[in-house]
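Listing of model02.txt; format and content: compact mmCIF, C-alpha atoms and all ligand atoms.
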# COMPACT_ATOMS: atom_id res chain seq x y z
CA MET A 1 -38.46 -17.49 32.00
CA LYS A 2 -35.37 -16.57 33.99
CA ILE A 3 -31.94 -16.74 32.35
CA LEU A 4 -28.64 -16.62 34.19
CA SER A 5 -25.47 -15.79 32.21
CA ILE A 6 -21.94 -16.35 33.44
CA VAL A 7 -18.86 -14.38 32.39
CA GLY A 8 -15.41 -14.12 33.92
CA ALA A 9 -12.57 -13.55 31.49
CA ARG A 10 -11.89 -10.88 28.88
CA PRO A 11 -13.08 -12.82 25.80
CA ASN A 12 -16.43 -13.57 27.47
CA PHE A 13 -17.56 -9.98 27.70
CA MET A 14 -18.00 -9.27 23.98
CA LYS A 15 -19.75 -12.61 23.49
CA ILE A 16 -22.40 -12.05 26.15
CA LYS A 17 -23.13 -8.44 25.20
CA PRO A 18 -25.53 -8.96 22.24
CA ILE A 19 -27.21 -11.96 23.89
CA TYR A 20 -27.87 -10.00 27.06
CA GLU A 21 -29.29 -7.09 25.01
CA GLU A 22 -31.50 -9.41 22.97
CA PHE A 23 -33.15 -10.97 26.02
CA LYS A 24 -33.50 -7.54 27.61
CA LYS A 25 -35.36 -6.34 24.50
CA ARG A 26 -37.68 -9.33 24.91
CA ARG A 27 -38.24 -8.46 28.58
CA ILE A 28 -36.90 -11.79 29.83
CA GLU A 29 -35.71 -11.80 33.42
CA GLN A 30 -31.91 -12.02 33.53
CA ILE A 31 -29.10 -12.41 36.07
CA LEU A 32 -25.48 -11.73 35.12
CA ILE A 33 -22.73 -13.40 37.18
CA HIS A 34 -19.08 -12.32 36.91
CA THR A 35 -16.69 -14.86 38.40
CA GLY A 36 -13.83 -12.35 38.64
CA GLN A 37 -11.41 -14.63 36.74
CA HIS A 38 -10.10 -11.42 35.17
CA TYR A 39 -9.96 -8.54 37.60
CA ASP A 40 -7.39 -6.00 36.36
CA GLU A 41 -8.90 -2.68 35.30
CA ASN A 42 -7.74 -3.15 31.70
CA MET A 43 -8.73 -6.84 31.46
CA ASN A 44 -12.15 -6.26 32.92
CA ARG A 45 -13.79 -2.94 33.81
CA VAL A 46 -12.85 -1.12 30.64
CA PHE A 47 -14.73 -3.78 28.64
CA PHE A 48 -17.91 -3.23 30.64
CA GLU A 49 -17.60 0.48 29.87
CA ASP A 50 -16.73 0.12 26.17
CA LEU A 51 -19.48 -2.44 25.60
CA GLU A 52 -21.96 -0.65 27.86
CA LEU A 53 -22.61 -3.88 29.70
CA PRO A 54 -24.60 -3.58 32.92
CA LYS A 55 -22.82 -4.01 36.22
CA PRO A 56 -23.02 -7.76 37.01
CA ASP A 57 -25.74 -8.67 39.50
CA VAL A 58 -23.27 -10.91 41.31
CA PHE A 59 -19.48 -10.50 41.37
CA LEU A 60 -17.68 -13.51 42.82
CA GLY A 61 -14.14 -12.09 42.93
CA ILE A 62 -12.45 -15.47 42.44
CA GLY A 63 -9.28 -14.19 40.70
CA SER A 64 -6.26 -16.27 39.71
CA GLY A 65 -5.11 -19.70 40.84
CA THR A 66 -4.22 -23.12 39.53
CA HIS A 67 -6.86 -24.59 37.24
CA GLY A 68 -8.21 -26.79 40.04
CA VAL A 69 -8.36 -24.04 42.63
CA GLN A 70 -9.78 -21.47 40.21
CA THR A 71 -12.41 -23.76 38.68
CA GLY A 72 -13.34 -25.43 41.97
CA THR A 73 -13.72 -22.15 43.84
CA MET A 74 -15.89 -20.78 41.05
CA MET A 75 -18.07 -23.89 41.12
CA SER A 76 -18.81 -23.70 44.81
CA ARG A 77 -19.69 -20.00 44.61
CA ILE A 78 -21.75 -20.32 41.42
CA GLU A 79 -23.68 -23.17 43.06
CA GLU A 80 -24.71 -20.83 45.89
CA VAL A 81 -26.01 -18.26 43.42
CA LEU A 82 -27.85 -20.87 41.37
CA SER A 83 -29.60 -22.27 44.41
CA GLN A 84 -30.75 -18.79 45.35
CA GLU A 85 -31.76 -17.62 41.88
CA LYS A 86 -33.14 -20.90 40.48
CA PRO A 87 -32.91 -19.88 36.79
CA ASP A 88 -34.57 -21.89 34.01
CA LEU A 89 -31.41 -21.80 31.92
CA THR A 90 -27.72 -20.96 32.32
CA ILE A 91 -25.85 -19.43 29.39
CA VAL A 92 -22.07 -19.87 29.15
CA VAL A 93 -19.86 -18.57 26.34
CA GLY A 94 -16.49 -19.58 24.92
CA ASP A 95 -13.95 -21.90 26.50
CA VAL A 96 -12.43 -20.34 29.61
CA ASN A 97 -12.41 -21.79 33.11
CA SER A 98 -15.44 -19.66 34.06
CA THR A 99 -17.34 -21.34 31.19
CA LEU A 100 -16.54 -24.80 32.51
CA ALA A 101 -17.29 -23.95 36.15
CA GLY A 102 -20.64 -22.40 35.18
CA ALA A 103 -21.70 -25.36 33.06
CA ILE A 104 -20.80 -28.05 35.60
CA SER A 105 -22.37 -26.24 38.57
CA SER A 106 -25.53 -25.67 36.62
CA ILE A 107 -26.13 -29.14 35.22
CA LYS A 108 -25.35 -30.72 38.61
CA MET A 109 -28.26 -28.68 39.96
CA GLN A 110 -30.48 -29.91 37.11
CA ILE A 111 -30.45 -26.49 35.47
CA PRO A 112 -30.04 -26.78 31.68
CA VAL A 113 -27.09 -25.13 29.98
CA ALA A 114 -26.74 -23.27 26.67
CA HIS A 115 -23.20 -23.17 25.29
CA VAL A 116 -22.48 -20.35 22.89
CA GLU A 117 -19.46 -21.03 20.63
CA SER A 118 -20.05 -24.74 20.75
CA GLY A 119 -18.20 -27.33 18.65
CA TYR A 120 -14.84 -25.67 18.10
CA ARG A 121 -12.05 -28.24 18.39
CA SER A 122 -8.27 -27.87 18.12
CA PHE A 123 -7.87 -31.62 18.80
CA ASP A 124 -5.06 -30.66 21.16
CA MET A 125 -5.73 -31.84 24.70
CA ARG A 126 -2.68 -29.95 25.99
CA MET A 127 -4.78 -26.79 25.75
CA PRO A 128 -6.92 -26.08 28.83
CA GLU A 129 -9.46 -24.45 26.52
CA GLU A 130 -9.88 -27.66 24.49
CA ILE A 131 -10.66 -29.62 27.65
CA ASN A 132 -13.17 -26.94 28.64
CA ARG A 133 -14.87 -26.99 25.21
CA ILE A 134 -15.29 -30.75 25.11
CA LEU A 135 -16.63 -31.01 28.66
CA VAL A 136 -19.03 -28.08 28.32
CA ASP A 137 -20.44 -29.34 25.02
CA ARG A 138 -20.96 -32.80 26.50
CA ILE A 139 -23.22 -31.49 29.27
CA SER A 140 -25.06 -28.66 27.47
CA GLN A 141 -28.65 -28.82 26.23
CA PHE A 142 -28.34 -26.04 23.63
CA LEU A 143 -25.23 -26.22 21.42
CA PHE A 144 -24.88 -22.93 19.53
CA ALA A 145 -22.30 -23.47 16.81
CA PRO A 146 -20.47 -20.57 15.12
CA THR A 147 -19.46 -22.44 11.95
CA GLU A 148 -20.40 -25.47 9.87
CA ASP A 149 -17.17 -27.24 10.85
CA ALA A 150 -18.13 -26.80 14.52
CA VAL A 151 -21.49 -28.45 13.74
CA ASN A 152 -19.66 -31.34 12.08
CA ASN A 153 -17.37 -31.77 15.09
CA LEU A 154 -20.39 -32.06 17.37
CA ILE A 155 -22.09 -34.57 15.07
CA SER A 156 -18.99 -36.70 14.82
CA GLU A 157 -18.78 -36.78 18.63
CA GLY A 158 -22.31 -38.12 18.71
CA ALA A 159 -24.10 -35.01 19.99
CA ASP A 160 -27.89 -35.12 19.64
CA LYS A 161 -28.67 -33.29 16.37
CA LYS A 162 -31.82 -31.81 17.91
CA ARG A 163 -29.62 -29.83 20.28
CA ILE A 164 -27.19 -28.44 17.67
CA PHE A 165 -28.06 -25.00 16.27
CA PHE A 166 -25.90 -23.32 13.65
CA VAL A 167 -26.40 -19.66 14.60
CA GLY A 168 -23.14 -17.95 13.54
CA ASN A 169 -20.50 -16.08 15.48
CA VAL A 170 -21.74 -13.83 18.26
CA MET A 171 -18.35 -12.19 18.83
CA ILE A 172 -18.49 -11.03 15.22
CA GLU A 173 -21.92 -9.50 15.87
CA THR A 174 -20.29 -7.38 18.58
CA LEU A 175 -17.39 -6.50 16.29
CA LEU A 176 -19.69 -5.37 13.48
CA SER A 177 -21.88 -3.32 15.78
CA HIS A 178 -18.91 -1.55 17.42
CA LEU A 179 -16.77 -0.81 14.37
CA GLN A 180 -18.25 2.62 13.84
CA LYS A 181 -17.95 3.47 17.53
CA SER A 182 -14.28 2.39 17.55
CA LYS A 183 -13.55 5.36 15.29
CA ILE A 184 -13.69 7.59 18.38
CA SER A 185 -10.55 5.87 19.64
CA LYS A 186 -7.50 8.15 19.74
CA ILE A 187 -5.04 5.26 19.92
CA LEU A 188 -3.42 5.88 16.51
CA ASP A 189 -2.87 9.59 17.24
CA ASP A 190 -1.72 8.90 20.79
CA MET A 191 0.87 6.42 19.56
CA SER A 192 1.77 8.39 16.37
CA LEU A 193 0.81 5.45 14.18
CA GLU A 194 -0.11 5.56 10.51
CA LYS A 195 -2.74 3.32 9.00
CA ASP A 196 -1.33 0.10 7.42
CA ASN A 197 2.14 0.91 8.65
CA TYR A 198 2.52 -1.28 11.74
CA GLY A 199 1.93 -4.80 13.03
CA VAL A 200 0.13 -5.89 16.21
CA LEU A 201 1.15 -8.78 18.45
CA THR A 202 -0.83 -10.41 21.25
CA ILE A 203 0.58 -13.46 23.03
CA HIS A 204 -0.57 -15.00 26.28
CA ARG A 205 -1.43 -18.71 25.84
CA ALA A 206 -0.09 -21.05 28.49
CA GLU A 207 1.59 -23.17 25.79
CA ASN A 208 3.61 -20.15 24.64
CA THR A 209 4.33 -18.45 27.94
CA SER A 210 5.25 -21.59 29.89
CA ASP A 211 8.45 -21.86 27.82
CA PRO A 212 10.30 -18.50 27.81
CA GLN A 213 12.50 -19.80 24.98
CA LYS A 214 9.47 -19.63 22.68
CA LEU A 215 8.90 -15.98 23.56
CA ILE A 216 12.58 -15.20 22.99
CA GLU A 217 12.46 -16.86 19.56
CA ILE A 218 9.46 -14.78 18.53
CA PHE A 219 10.85 -11.47 19.77
CA ASN A 220 14.24 -12.18 18.15
CA VAL A 221 12.49 -12.38 14.79
CA LEU A 222 10.43 -9.26 15.43
CA LYS A 223 13.39 -7.05 16.29
CA ASN A 224 14.67 -7.54 12.74
CA VAL A 225 11.38 -6.58 11.11
CA GLU A 226 11.11 -3.13 9.50
CA SER A 227 7.60 -2.38 10.72
CA LYS A 228 6.78 -1.02 14.10
CA ILE A 229 5.15 -3.76 16.23
CA ILE A 230 2.63 -2.79 18.91
CA VAL A 231 2.27 -5.31 21.73
CA PRO A 232 -0.62 -4.85 24.20
CA LEU A 233 0.87 -7.21 26.76
CA HIS A 234 -1.15 -9.69 28.83
CA PRO A 235 -0.09 -9.61 32.53
CA ARG A 236 1.02 -13.24 32.44
CA THR A 237 3.39 -12.65 29.49
CA ARG A 238 4.71 -9.44 31.05
CA LYS A 239 5.58 -11.38 34.19
CA VAL A 240 7.45 -14.09 32.24
CA LEU A 241 9.43 -11.52 30.20
CA CYS A 242 10.24 -9.59 33.40
CA ASP A 243 11.33 -12.73 35.26
CA ILE A 244 13.83 -13.65 32.55
CA GLY A 245 15.06 -10.05 32.33
CA TYR A 246 14.04 -9.77 28.68
CA LEU A 247 11.52 -6.93 28.80
CA ASP A 248 14.26 -4.28 28.31
CA LYS A 249 16.01 -6.25 25.59
CA LEU A 250 13.27 -6.13 22.97
CA GLY A 251 13.98 -4.33 19.67
CA LYS A 252 13.50 -0.55 19.29
CA ASN A 253 10.66 -1.16 16.83
CA ILE A 254 8.71 -3.05 19.50
CA ASP A 255 6.31 -1.00 21.56
CA ILE A 256 5.05 -2.75 24.68
CA ILE A 257 1.84 -1.26 26.05
CA GLU A 258 -0.78 -2.24 28.63
CA PRO A 259 -3.71 -4.44 27.47
CA LEU A 260 -6.21 -2.24 25.61
CA GLY A 261 -9.94 -1.82 26.00
CA TYR A 262 -12.32 -3.14 23.35
CA LEU A 263 -12.70 0.00 21.21
CA ASP A 264 -9.00 0.92 21.29
CA PHE A 265 -7.98 -2.60 20.33
CA LEU A 266 -10.51 -2.66 17.51
CA ALA A 267 -9.13 0.62 16.18
CA LEU A 268 -5.55 -0.61 16.52
CA MET A 269 -6.25 -3.91 14.79
CA SER A 270 -8.49 -2.60 12.00
CA ASN A 271 -5.87 -0.05 10.91
CA SER A 272 -2.88 -2.38 11.14
CA LYS A 273 -0.92 -3.99 8.30
CA PHE A 274 -0.98 -7.42 9.94
CA VAL A 275 -1.72 -9.16 13.22
CA MET A 276 0.23 -11.88 15.04
CA THR A 277 -1.61 -13.66 17.82
CA ASP A 278 -2.19 -16.81 19.81
CA SER A 279 -5.71 -15.70 20.78
CA GLY A 280 -8.73 -17.49 19.32
CA GLY A 281 -11.06 -14.56 18.79
CA ILE A 282 -8.48 -12.29 17.17
CA GLN A 283 -8.03 -14.79 14.33
CA GLU A 284 -11.74 -14.37 13.56
CA GLU A 285 -11.79 -10.60 14.01
CA ALA A 286 -8.78 -10.22 11.67
CA LEU A 287 -10.61 -12.20 8.97
CA MET A 288 -13.66 -9.94 9.26
CA LEU A 289 -11.47 -6.82 9.10
CA ASP A 290 -9.45 -8.12 6.12
CA VAL A 291 -6.25 -7.85 8.15
CA PRO A 292 -3.81 -10.70 7.37
CA CYS A 293 -3.30 -12.85 10.47
CA ILE A 294 -0.32 -14.95 11.56
CA THR A 295 -1.21 -17.36 14.34
CA LEU A 296 1.50 -18.32 16.80
CA ARG A 297 0.11 -21.79 17.38
CA GLU A 298 0.54 -25.21 15.81
CA ASN A 299 -3.21 -25.64 15.39
CA THR A 300 -6.45 -23.72 15.53
CA GLU A 301 -10.03 -24.56 16.41
CA ARG A 302 -11.04 -21.64 14.12
CA ILE A 303 -10.31 -23.55 10.92
CA VAL A 304 -12.66 -21.38 8.89
CA THR A 305 -10.05 -18.59 9.18
CA LEU A 306 -7.46 -20.69 7.33
CA LYS A 307 -9.54 -20.66 4.12
CA ASN A 308 -8.20 -18.37 1.40
CA GLY A 309 -5.07 -17.69 3.43
CA ALA A 310 -6.69 -15.13 5.75
CA ASN A 311 -4.84 -16.78 8.62
CA ILE A 312 -1.72 -18.92 8.63
CA LEU A 313 -0.29 -21.05 11.41
CA VAL A 314 3.40 -20.72 12.23
CA GLY A 315 3.60 -22.04 15.80
CA THR A 316 6.62 -20.47 17.49
CA ASP A 317 9.04 -21.37 14.72
CA GLY A 318 11.16 -18.26 14.08
CA ILE A 319 11.93 -19.18 10.47
CA LYS A 320 8.26 -19.71 9.60
CA LEU A 321 7.33 -16.47 11.37
CA ALA A 322 9.97 -14.45 9.50
CA LYS A 323 8.81 -15.92 6.19
CA ALA A 324 5.15 -15.19 7.00
CA ILE A 325 5.92 -11.56 7.84
CA LYS A 326 7.90 -11.15 4.62
CA ASP A 327 4.96 -12.53 2.72
CA ILE A 328 2.40 -10.08 4.18
CA PRO A 329 2.43 -7.62 1.20
CA ASN A 330 1.32 -10.49 -1.08
CA ARG A 331 -1.62 -11.44 1.13
CA LYS A 332 -3.79 -8.35 1.38
CA ILE A 333 -7.05 -9.19 -0.35
CA LYS A 334 -10.68 -9.02 0.61
CA TYR A 335 -11.40 -12.32 2.33
CA PRO A 336 -14.76 -14.09 1.80
CA LYS A 337 -16.73 -14.09 5.07
CA PRO A 338 -18.12 -17.24 6.71
CA PRO A 339 -21.91 -17.73 6.61
CA LEU A 340 -23.95 -16.24 9.48
CA TRP A 341 -21.12 -14.08 10.79
CA ASP A 342 -23.47 -11.12 10.90
CA THR A 343 -25.47 -8.90 13.25
CA LYS A 344 -28.34 -11.34 13.81
CA VAL A 345 -26.60 -14.05 15.81
CA SER A 346 -28.05 -13.10 19.20
CA ASN A 347 -31.47 -12.88 17.59
CA ARG A 348 -31.15 -16.48 16.36
CA ILE A 349 -29.95 -17.62 19.78
CA ALA A 350 -32.89 -15.99 21.58
CA ASP A 351 -35.42 -17.29 19.03
CA THR A 352 -34.01 -20.80 19.33
CA ILE A 353 -34.18 -20.84 23.12
CA LEU A 354 -37.72 -19.50 23.19
CA ASP A 355 -38.89 -21.84 20.40
CA HIS A 356 -37.31 -24.96 21.92
CA GLN A 357 -38.38 -24.84 25.53
CA GLU A 358 -38.74 -28.63 25.44
CA LEU A 359 -34.92 -28.72 25.76
CA LEU A 360 -35.21 -27.03 29.15
CA VAL A 361 -36.64 -30.25 30.54
CA LEU A 362 -33.79 -32.57 31.50
C1 LIG A 401 -7.79 -16.95 30.12
C2 LIG A 401 -8.34 -18.13 29.31
C3 LIG A 401 -7.86 -18.03 27.86
C4 LIG A 401 -8.18 -16.67 27.27
C5 LIG A 401 -7.58 -15.60 28.17
C6 LIG A 401 -7.87 -14.21 27.67
C7 LIG A 401 -8.64 -20.14 30.67
C8 LIG A 401 -8.18 -21.53 30.87
N1 LIG A 401 -7.90 -19.40 29.85
O1 LIG A 401 -6.36 -17.12 30.16
O2 LIG A 401 -8.51 -19.02 27.09
O3 LIG A 401 -7.64 -16.58 25.98
O4 LIG A 401 -8.14 -15.75 29.49
O5 LIG A 401 -7.07 -13.28 28.35
O6 LIG A 401 -9.64 -19.75 31.23
N2 LIG A 401 -3.84 -12.03 35.46
C9 LIG A 401 -3.75 -10.76 35.95
N3 LIG A 401 -4.85 -9.98 35.91
C10 LIG A 401 -6.03 -10.39 35.40
C11 LIG A 401 -6.11 -11.71 34.93
C12 LIG A 401 -5.02 -12.51 34.96
O7 LIG A 401 -2.70 -10.33 36.39
O8 LIG A 401 -7.00 -9.62 35.39
C13 LIG A 401 -2.64 -12.89 35.45
C14 LIG A 401 -2.46 -13.67 36.70
O9 LIG A 401 -1.09 -13.71 36.97
C15 LIG A 401 -2.93 -15.06 36.34
C16 LIG A 401 -2.59 -15.14 34.87
O10 LIG A 401 -2.73 -13.81 34.39
O11 LIG A 401 -2.32 -16.04 37.09
C17 LIG A 401 -3.47 -16.05 34.09
O12 LIG A 401 -4.85 -15.68 34.26
P1 LIG A 401 -6.01 -16.76 34.07
O13 LIG A 401 -7.33 -16.15 34.31
O14 LIG A 401 -5.68 -17.98 34.82
O15 LIG A 401 -5.91 -17.17 32.55
P2 LIG A 401 -5.49 -16.36 31.24
O16 LIG A 401 -4.09 -16.69 30.93
O17 LIG A 401 -5.84 -14.91 31.30

Please, can you express the file's structure as structure tokens?
Amino acid sequence: MKILSIVGARPNFMKIKPIYEEFKKRRIEQILIHTGQHYDENMNRVFFEDLELPKPDVFLGIGSGTHGVQTGTMMSRIEEVLSQEKPDLTIVVGDVNSTLAGAISSIKMQIPVAHVESGYRSFDMRMPEEINRILVDRISQFLFAPTEDAVNNLISEGADKKRIFFVGNVMIETLLSHLQKSKISKILDDMSLEKDNYGVLTIHRAENTSDPQKLIEIFNVLKNVESKIIVPLHPRTRKVLCDIGYLDKLGKNIDIIEPLGYLDFLALMSNSKFVMTDSGGIQEEALMLDVPCITLRENTERIVTLKNGANILVGTDGIKLAKAIKDIPNRKIKYPKPPLWDTKVSNRIADTILDHQELLVL
């Protein structure tokens, strides 16, 4: 069997890592394509180093663009690689534009698709990621769901039950197997931070950055918070804050830094008092690390994180955010962990693919 995996953006890299290793262990022939959706050193290369991922076999160098240009360009280039490599299966992970481009190109060439992180739904079609998730799930032959609610979403959309496999959360497998290694990070010393004495903010979603007023509302709340807030800033958000001349006007307690590599970010997050984010994966990682999470979105596809108050949604409402931050000292408990969020997820994925080769026939 020959398996081709496609990655492109930062959150893809930690998801493909254990799957790639698992098939390598089983001596299955593999090809790794990188679309180049993320290309900055600190959004890309540092992750390959931290995760010890092999250099991709094919790097497409697509870069940024409108959704149509980015996705379309990826599709035409991925198609070329697929027609050369002729894999038996394409694996795509998550919900970014590279995921969508990979899935469409593959199925159009009659090559079956496995979608890892299948079934998450925010039910918010304004999010590009929601569109990507729905479309990719609709055309995939293997639907690897991270949670029971994701399975239920797929069933209620009429997906064939024979194709749905509840395997757990592969990004959490990577988290668990890199926690020890993240202790080598010097980030706390370098930034003179004390454990449990600072907050972390990441914000980059289109729905938050397209309206600078939302960013201003969030930062206005944060400048009145006692804790130090560390902000590894996504290039898109940096650009918006620069354009409106706000980057210099943030509070003294707010420390803007470049996006961090995987191990540094893990160390920063696992030692923090609380996390504020609009990312998907960070909501899940915070739950696993027992770090209270405040999500700067109106909804989440990761609804399992809302159980027991591990994560709360505040959107970009300054009053709700201020209240949530004030409430942090009352929230710190050990959160129950979702089933199958463990170190065997990639093993289940590989077993399933090898045991269900009938699904490779379209
Ligand atoms: C993408 C994903 C999002 C994910 C995020 C993680 C889609 C639709 N969105 O959003 O789900 O949470 O990745 O970061 O795929 N840029 C750089 N350098 C880079 C990459 C991007 O400067 O290495 C800047 C460019 O100005 C670009 C902008 O960021 O226009 C947006 O990049 P893009 O890849 O379109 O999407 P993300 O916002 O990163």

Between atom CA of Ile319 of chain A and atom CA of Ser279 of chain A - distance in Å to one decimal: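 Distance between the two atoms: 20.7 Å.
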
Nearest to ligand LIG 401 (chain A), chosen from A:Ser106, A:Thr343, A:Thr316, A:Thr99, with only C-alpha atoms and all ligand atoms counted in the distances: A:Thr99

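Using all atoms listed in the file, the residues found no farther than 7 Å from segment 35-46 of chain A, other than those of its own chain fewer than 6 positions away, are Val7, Gly8, Ala9, Arg10, Phe59, Leu60, Gly61, Ile62, Gly63, Ser64, Met74, Ser98, Pro259, Leu260 and Gly261 of chain A.
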
Residues near Phe13 of chain A, cut-off 10 Å, all atoms listed in the file, skip fewer than 3 positions along chain, as a list in words: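 So, after excluding close chain neighbours, the residues are Ile6, Val7, Gly8, Ala9, Arg10, Ile16, Lys17, Pro18, His34, Asn44, Phe47, Phe48, Leu51, Leu53, Val93, Met171, Thr174 and Tyr262 of chain A.
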
Neighbour residues at most 9 Å from (-30.3, -8.4, 35.1) (only C-alpha atoms) as a ChimeraX atom specification: /A:3-4,20,24,29-32,54-57

Export of the given selection (C-alpha atoms) as a PDB file, keeping the file's coordinate frame:
ATOM      1  CA  ILE A   3     -31.940 -16.740  32.350  1.00  0.00           C
ATOM      2  CA  LEU A   4     -28.640 -16.620  34.190  1.00  0.00           C
ATOM      3  CA  TYR A  20     -27.870 -10.000  27.060  1.00  0.00           C
ATOM      4  CA  LYS A  24     -33.500  -7.540  27.610  1.00  0.00           C
ATOM      5  CA  GLU A  29     -35.710 -11.800  33.420  1.00  0.00           C
ATOM      6  CA  GLN A  30     -31.910 -12.020  33.530  1.00  0.00           C
ATOM      7  CA  ILE A  31     -29.100 -12.410  36.070  1.00  0.00           C
ATOM      8  CA  LEU A  32     -25.480 -11.730  35.120  1.00  0.00           C
ATOM      9  CA  PRO A  54     -24.600  -3.580  32.920  1.00  0.00           C
ATOM     10  CA  LYS A  55     -22.820  -4.010  36.220  1.00  0.00           C
ATOM     11  CA  PRO A  56     -23.020  -7.760  37.010  1.00  0.00           C
ATOM     12  CA  ASP A  57     -25.740  -8.670  39.500  1.00  0.00           C
TER      13      ASP A  57
END

Between atom CA of Ile254 of chain A and atom CA of Ser227 of chain A, distance in Å (one decimal):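 Going from atom CA of Ile254 of chain A over to atom CA of Ser227 of chain A covers 8.9 Å.
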
Residue contacts of Asp317 of chain A (9 Å, all atoms listed in the file) excluding same-chain residues fewer than 6 positions away, as a PyMOL selection string: chain A and resi 214+217-218+296

Nearest-residue call for ligand LIG 401 (chain A), choices A:Ile229, A:Val240, A:Leu179, A:Ile111, using only C-alpha atoms and all ligand atoms: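 When distances to ligand LIG 401 (chain A) are compared using only C-alpha atoms and all ligand atoms, the smallest one comes from A:Val240.
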
Distance query segment 284-291 of chain A at most 8 Å, only C-alpha atoms, self and fewer than 3 positions along chain excluded, as a PyMOL selection string: chain A and resi 172+175+269-270+272-275+280-281+302+305+310-311+332-335+337

Taking all atoms listed in the file into account, produce a table as CSV in which each residue of segment 284-310 of chain A with an atom at most 8 Å from an atom of segment 115-126 of chain A appears once, together with its shortest atom pair and the distance in Å to one decimal, ordered by chain and rising number.
residue,atom,partner,partner_atom,distance
A:Asn299,CA,A:Ser122,CA,6.2
A:Thr300,CA,A:Ser122,CA,5.2
A:Glu301,CA,A:Ser122,CA,4.1
A:Arg302,CA,A:Tyr120,CA,6.8

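If all atoms listed in the file are the atoms counted, then among A:Val314, A:Leu354, A:Asn347, A:Thr209 the closest residue to Glu21 of chain A is A:Asn347.
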
Using all atoms listed in the file: which of A:Val200, A:Lys307, A:Asp264, A:Val136 has the shortest distance to Ile282 of chain A: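 Looking only at the distances to Ile282 of chain A, the closest residue turns out to be A:Val200.
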
Atomic separation - atom CA of Glu358 of chain A relative to atom CA of Glu85 of chain A, Å: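 Value for the atom CA of Glu85 of chain A-atom CA of Glu358 of chain A distance: 21.0 Å.
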
Asp189 of chain A environment, 12 Å, all atoms listed in the file, sequence neighbours closer than 3 positions dropped, as a PyMOL selection string: chain A and resi 183-186+192-195+264+267-268+271
